[in-house]
Each structure stands twice: as structure tokens, then as C-alpha cells.
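Note: the block below is run_36.txt and it holds compact mmCIF, C-alpha atoms.
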# COMPACT_ATOMS: atom_id res chain seq x y z
CA MET A 299 11.32 -18.30 40.94
CA LEU A 300 14.63 -19.34 39.45
CA VAL A 301 16.92 -20.68 42.18
CA LEU A 302 20.69 -20.77 41.71
CA THR A 303 23.48 -21.68 44.11
CA ARG A 304 26.53 -19.40 44.07
CA LYS A 305 29.72 -19.12 46.11
CA GLU A 306 31.69 -16.08 47.18
CA GLY A 307 33.26 -14.45 44.16
CA GLU A 308 30.75 -15.99 41.80
CA GLY A 309 27.95 -14.07 40.18
CA ILE A 310 24.96 -14.09 37.90
CA VAL A 311 24.16 -12.09 34.82
CA ILE A 312 20.64 -10.80 34.15
CA GLY A 313 20.04 -9.92 30.54
CA ASP A 314 22.99 -8.34 28.77
CA GLU A 315 23.59 -5.49 31.15
CA ILE A 316 23.08 -6.48 34.79
CA LYS A 317 25.69 -8.39 36.76
CA VAL A 318 25.35 -9.41 40.40
CA THR A 319 28.38 -10.73 42.27
CA ILE A 320 28.47 -12.44 45.69
CA LEU A 321 31.23 -10.47 47.40
CA GLU A 322 31.06 -11.96 50.86
CA ASN A 323 29.00 -14.44 52.86
CA LYS A 324 29.67 -14.01 56.55
CA GLU A 325 27.65 -14.41 59.74
CA GLY A 326 24.37 -14.79 57.92
CA LYS A 327 24.91 -11.67 55.83
CA ILE A 328 25.58 -11.68 52.14
CA ARG A 329 27.22 -8.70 50.46
CA LEU A 330 26.28 -8.24 46.84
CA GLY A 331 27.99 -6.18 44.19
CA ILE A 332 25.68 -5.00 41.44
CA GLU A 333 26.68 -3.62 38.08
CA ALA A 334 23.81 -2.19 36.08
CA PRO A 335 23.15 0.60 33.60
CA ARG A 336 22.69 3.91 35.36
CA ASP A 337 19.07 4.22 34.29
CA GLN A 338 18.25 1.12 36.35
CA THR A 339 17.10 1.82 39.87
CA ILE A 340 18.19 -0.59 42.60
CA HIS A 341 16.62 -0.69 46.05
CA ARG A 342 16.64 -2.90 49.11
CA GLU A 343 13.36 -4.76 48.85
CA GLU A 344 11.91 -3.78 52.21
CA VAL A 345 12.77 -0.12 51.63
CA TYR A 346 11.20 -0.22 48.17
CA GLU A 347 8.02 -1.81 49.56
CA ARG A 348 7.84 0.76 52.36
CA ILE A 349 8.12 3.71 49.95
CA CYS A 350 5.53 2.19 47.60
CA GLN A 351 3.17 1.80 50.54
CA GLU A 352 3.74 5.36 51.75
CA ASN A 353 3.23 6.74 48.23
CA LYS A 354 -0.11 4.95 48.10
CA GLU A 355 -1.10 6.33 51.49
CA ALA A 356 -0.04 9.81 50.39
CA LEU A 357 -2.89 9.69 47.85
CA GLN A 358 -5.47 9.48 50.62
CA TRP A 359 -6.29 13.15 51.02
CA ASN A 360 -9.25 15.22 50.03
CA VAL A 361 -9.94 18.83 49.17
CA SER A 362 -10.73 19.76 52.76
CA ASP A 363 -7.35 18.36 53.88
CA TYR A 364 -5.69 20.54 51.26
CA LYS A 365 -7.47 23.61 52.53
CA ILE A 366 -6.61 22.89 56.14
CA LEU A 367 -2.97 22.27 55.25
CA SER A 368 -2.80 25.38 53.14
CA GLU A 369 -4.32 27.64 55.77
CA THR A 370 -3.06 26.31 59.06
CA ILE A 371 -0.08 24.01 58.94
CA LEU A 372 1.84 25.73 56.19
CA GLY A 373 0.94 29.12 57.57
CA ARG A 374 2.33 28.15 60.94
CA LYS A 375 5.92 29.00 60.11
CA ASP A 376 4.97 32.45 58.86
CA GLU A 377 3.30 33.21 62.15
CA LYS A 378 6.46 32.62 64.13
CA MET B 226 -4.59 24.81 27.16
CA LYS B 227 -5.64 21.29 28.06
CA THR B 228 -7.86 20.07 30.81
CA VAL B 229 -7.21 17.41 33.42
CA ARG B 230 -9.68 15.88 35.83
CA THR B 231 -8.61 16.31 39.45
CA ARG B 232 -10.20 16.04 42.86
CA PHE B 233 -10.64 19.81 42.66
CA GLY B 234 -12.69 19.36 39.49
CA ASP B 235 -11.49 19.95 35.94
CA VAL B 236 -8.35 22.08 35.86
CA GLU B 237 -6.72 23.70 32.84
CA TYR B 238 -2.99 23.34 32.34
CA HIS B 239 -0.47 24.39 29.76
CA PRO B 240 0.85 21.36 27.85
CA ASP B 241 4.33 22.92 27.80
CA LYS B 242 4.40 23.12 31.59
CA THR B 243 4.07 19.46 32.42
CA ILE B 244 6.61 17.45 34.41
CA HIS B 245 8.02 14.20 33.12
CA PHE B 246 9.02 11.41 35.49
CA PRO B 247 11.18 9.12 33.32
CA LYS B 248 10.86 6.37 35.96
CA GLY B 249 7.48 7.25 37.38
CA LEU B 250 7.19 7.21 41.16
CA LEU B 251 7.76 4.17 43.37
CA GLY B 252 4.66 2.01 43.09
CA PHE B 253 3.44 4.15 40.17
CA GLU B 254 6.11 3.39 37.62
CA SER B 255 3.68 3.54 34.68
CA LEU B 256 2.61 7.13 35.37
CA ARG B 257 5.09 9.48 33.75
CA GLU B 258 3.32 12.78 33.08
CA PHE B 259 2.29 15.20 35.81
CA MET B 260 1.34 18.82 36.29
CA VAL B 261 1.53 20.99 39.38
CA MET B 262 -1.18 23.08 40.97
CA PRO B 263 -1.33 25.94 41.64
CA ALA B 264 0.62 26.72 38.49
CA GLU B 265 1.92 30.23 39.14
CA SER B 266 1.74 30.70 42.87
CA GLU B 267 4.04 31.29 45.80
CA ASP B 268 1.99 28.84 47.84
CA PRO B 269 4.48 26.42 49.41
CA LEU B 270 1.87 23.66 49.27
CA ILE B 271 1.98 22.03 45.85
CA CYS B 272 -0.29 19.43 44.36
CA LEU B 273 1.40 17.08 41.92
CA GLN B 274 -1.35 15.75 39.66
CA SER B 275 -1.02 12.79 37.30
CA LEU B 276 -2.21 13.53 33.78
CA GLU B 277 -2.79 9.83 33.22
CA ASP B 278 -4.75 8.84 36.33
CA PRO B 279 -7.04 11.44 37.94
CA GLN B 280 -6.91 9.55 41.26
CA VAL B 281 -3.18 10.00 41.58
CA ALA B 282 -2.27 13.33 43.14
CA PHE B 283 0.31 14.06 45.81
CA LEU B 284 0.57 16.97 48.20
CA MET B 285 4.13 18.22 48.37
CA VAL B 286 6.19 20.80 50.18
CA ASP B 287 9.78 21.98 50.27
CA PRO B 288 11.17 20.04 53.26
CA GLN B 289 13.71 22.76 54.02
CA ARG B 290 10.81 24.91 55.10
CA TYR B 291 10.61 22.70 58.18
CA PHE B 292 14.03 21.08 58.24
CA PRO B 293 16.54 23.70 57.11
CA GLU B 294 19.40 21.25 57.54
CA TYR B 295 17.79 18.65 55.25
CA ARG B 296 20.11 17.76 52.41
CA VAL B 297 19.94 15.33 49.53
CA ASP B 298 23.10 13.83 48.09
CA ILE B 299 22.59 13.62 44.34
CA GLY B 300 26.06 12.27 43.72
CA GLY B 301 26.73 9.01 41.97
CA GLN B 302 24.04 8.00 39.57
CA LYS B 303 21.04 9.02 41.61
CA ALA B 304 20.02 12.09 39.64
CA TRP B 305 21.14 10.91 36.25
CA GLY B 306 17.58 10.77 34.89
CA LEU B 307 17.06 14.49 35.52
CA GLY B 308 19.36 15.37 32.63
CA LEU B 309 21.13 17.93 34.79
CA GLU B 310 24.00 19.85 33.28
CA GLN B 311 26.56 21.84 35.18
CA ASP B 312 25.01 24.79 37.02
CA ASP B 313 21.46 23.55 36.40
CA ALA B 314 19.19 24.28 39.32
CA TYR B 315 17.02 21.63 40.86
CA CYS B 316 14.57 21.65 43.69
CA ILE B 317 13.66 19.17 46.39
CA LEU B 318 10.11 18.38 47.35
CA THR B 319 8.73 15.85 49.80
CA MET B 320 5.40 14.12 49.83
CA ILE B 321 2.92 14.83 52.57
CA THR B 322 0.83 12.05 54.08
CA VAL B 323 -2.41 13.09 55.78
CA HIS B 324 -3.36 10.34 58.20
CA PRO B 325 -6.92 9.32 59.15
CA ASP B 326 -6.52 11.21 62.46
CA GLN B 327 -5.56 14.34 60.44
CA SER B 328 -1.96 14.23 61.59
CA VAL B 329 0.56 15.10 58.90
CA THR B 330 3.94 13.55 58.12
CA LEU B 331 6.59 14.13 55.49
CA ASN B 332 8.35 11.35 53.62
CA LEU B 333 11.92 12.53 54.04
CA VAL B 334 13.38 9.18 52.95
CA ALA B 335 12.09 9.40 49.39
CA PRO B 336 12.14 13.01 48.18
CA VAL B 337 11.30 14.14 44.67
CA LEU B 338 13.95 16.05 42.73
CA TYR B 339 12.77 18.40 40.02
CA ALA B 340 14.90 20.10 37.39
CA PRO B 341 13.09 23.15 35.97
CA ARG B 342 15.21 23.38 32.83
CA THR B 343 14.58 19.81 31.69
CA GLN B 344 11.12 19.64 33.32
CA ARG B 345 12.05 16.21 34.58
CA ALA B 346 11.60 14.80 38.05
CA LEU B 347 12.64 11.71 39.97
CA GLN B 348 11.74 10.17 43.26
CA ILE B 349 14.92 8.96 44.90
CA VAL B 350 15.51 6.88 48.03
CA LEU B 351 18.09 8.11 50.53
CA GLU B 352 20.48 5.54 51.99
CA ASN B 353 21.40 5.52 55.68
CA THR B 354 19.30 8.55 56.44
CA GLU B 355 18.38 9.68 59.94
CA TYR B 356 14.96 10.72 58.66
CA SER B 357 11.80 8.66 58.50
CA VAL B 358 9.25 7.83 55.83
CA ARG B 359 6.82 9.40 58.30
CA THR B 360 8.61 12.38 59.79
CA PRO B 361 6.19 14.49 61.84
CA LEU B 362 6.22 18.23 61.27
CA PRO B 363 8.34 19.90 63.95
Would it be possible to restate this file's structure as C-alpha cells?
Amino acid sequence: MLVLTRKEGEGIVIGDEIKVTILENKEGKIRLGIEAPRDQTIHREEVYERICQENKEALQWNVSDYKILSETILGRKDEK
Amino acid sequence: MKTVRTRFGDVEYHPDKTIHFPKGLLGFESLREFMVMPAESEDPLICLQSLEDPQVAFLMVDPQRYFPEYRVDIGGQKAWGLGLEQDDAYCILTMITVHPDQSVTLNLVAPVLYAPRTQRALQIVLENTEYSVRTPLP
């Protein structure tokens, strides 16, 4: 891992197109400003990891689950 | 017609009816091409099947079926990859997780947006949402 020390108002540049600026460092919290091309996705790390994990768990179904879902759970609203 | 291997067996699909994820899905960034099953049905339960990895298939449903007030803000740059033009329709789908105890939750934090005209889809992550990655069905 590359480690750099920056102060408030300073930044780093990643490649030609991504710029990260330290906006504020207060009470243990650091606010970052990120400029990046709009096709780049940016996520908080723990949120990204959580979604990746849930996507992987969402693969864990089988044909009988599909049938049960199709017949019972999704039919439930129609019954009301 | 082409054929894809799925957990339902081999399924035929029309190559013009595939869905392209320009960014893949979170954790599956390398998988870009998908098809949906059943292809021409009113069934609200949809299976999103990868054309590149037979193991990768997601069960999906329109979240507004259960949460009519559920909204997704596609402002800013979030939906840029869909190639939406003014007045283009798009739909919102959420992934279903079936847990080992057979309980079912919806991932309302990271919905999938699909634009029928461009046949592109994205999984986006909502900021500051009141919903959970594992929202139980009401």
C-alpha cells in the first residue's frame, strides 16, 4: 500500500482523471472530496463490501426455492 | 436462438433480448451479459441469469410490489451508464436473498435499474437510505 501524508486542502491525483482532496479533518473524521469521471463508481468501503457479500448470498437458491417463491410468497399479495 | 446453461437446465434465449451491465454487479464486475427468465411472462418473480457464468443467477422482484413508497433517486451521475434519454422509461428491481431457514429478504439498498430501450442495467447503491440490505417482506 502506498502511504502518503496530506493536510487539509491538499489532495492526491490517481491516474489522469481522479482527484481526491482532504476537505476537513475534525474530531477523528476526515471529509474527502472526490472528482472522477462519471463512469467511475465510488462507494464507502464497508457499504461496498456488504453489497458484494449480499450479492454472493443472493446466489444461494435452488429450483425448489424458486417454485416456493413463485407460488406462495409472490402470490400472497394477490390473495389480499 | 442461443442456449444458456442454468440451474433450471439448458434454456433458449434470443440473442437480441440480452441485458448488458456496463459495470457488472457489485462483486461480479467481470460479468456483463445477462438474460431474464421467464422471457415473456407477467410473473413478478424474475430470474436474472448470467450468460458468462451458469452459477450466477439472481432472483429479482419489483420492490414497489411490497413497498409502494420505495423510490430511487437517479439524479446526479448514478444512472449515467444506462444511456437514458429524456422520457426513457426504466424499471427498478431488487434482489431476493433466500436464507438457509427459507426466510426471504430484499436488498433495498442496492437495487438494479434497467432501461428497456438501451437494454442496459446497473446496480446502484442508495445513500442514507432507511432500508436495509436485508429487508424482510412485509
Check: Closest to Ala304 (chain B) among A:Ile349, A:Ser368, A:Arg336, A:Ser362, using all atoms listed in the file?
Finding: A:Arg336
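Between Gly249 (chain B) and the candidates A:Asn353, A:Asn360, A:Glu369, A:Gly331, the tightest atom-to-atom separation, counting all atoms listed in the file, involves A:Asn353.
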Item checked: Protein and nucleic acid residues near (12.1, -1.2, 50.4) (cut-off 12 Å, only C-alpha atoms) as a PyMOL selection string -> (chain A and resi 340-352) or (chain B and resi 251-252+334-335+349-352+358)
Next item on the list: Find the spatial neighbours of region 274-286 of chain B, counting all atoms listed in the file, within a cut-off of 8 Å - ignore same-chain residues fewer than 3 positions away - and output them as JSON, numbers by chain.
Entry: {"A": [356, 357, 364], "B": [229, 230, 231, 232, 256, 257, 258, 259, 260, 261, 262, 269, 270, 271, 290, 318, 319, 320, 321, 322]}
Note to self: Please report the interatomic distance between CA of Ile366 (chain A) and CA of Phe233 (chain B) in Å with one decimal.
What the structure shows: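 Value for the CA of Ile366 (chain A)-CA of Phe233 (chain B) distance: 14.4 Å.
Nearest-residue note for Trp359 (chain A): choosing from B:Ile244, B:Asp298, B:Leu331, B:Val323, the minimum distance belongs to B:Val323, counting only C-alpha atoms.
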Item checked: Point-to-point distance in Å for CA of Leu347 (chain B) and CA of Ser328 (chain B) ->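 Spanning CA of Ser328 (chain B) to CA of Leu347 (chain B) is a straight-line distance of 26.2 Å.
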Next item on the list: Considering all atoms listed in the file, return as a ChimeraX atom specification whatever protein or nucleic-acid residues lie within 12 Å of region 314-325 of chain A, sequence-local ones (same chain, fewer than 2 positions apart) excluded.
Entry: /A:303-312,327-340
Next item on the list: Can you work out the spacing between CA of Leu307 (chain B) and CA of Val236 (chain B) in Å, to one decimal?
Entry: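 Result for CA of Leu307 (chain B) versus CA of Val236 (chain B): 26.5 Å, one decimal.
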Notebook entry, point to check: For chain A, which residue out of B:Phe253, B:Tyr315, B:Tyr238, B:Tyr295 is the nearest one, using all atoms listed in the file?
Noted result: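 With all atoms listed in the file as the atom set, the closest residue is B:Phe253.
The closest residue to chain A, picked from B:Arg359, B:His245, B:Lys227, B:Arg296 and counting all atoms listed in the file, is B:Arg359.
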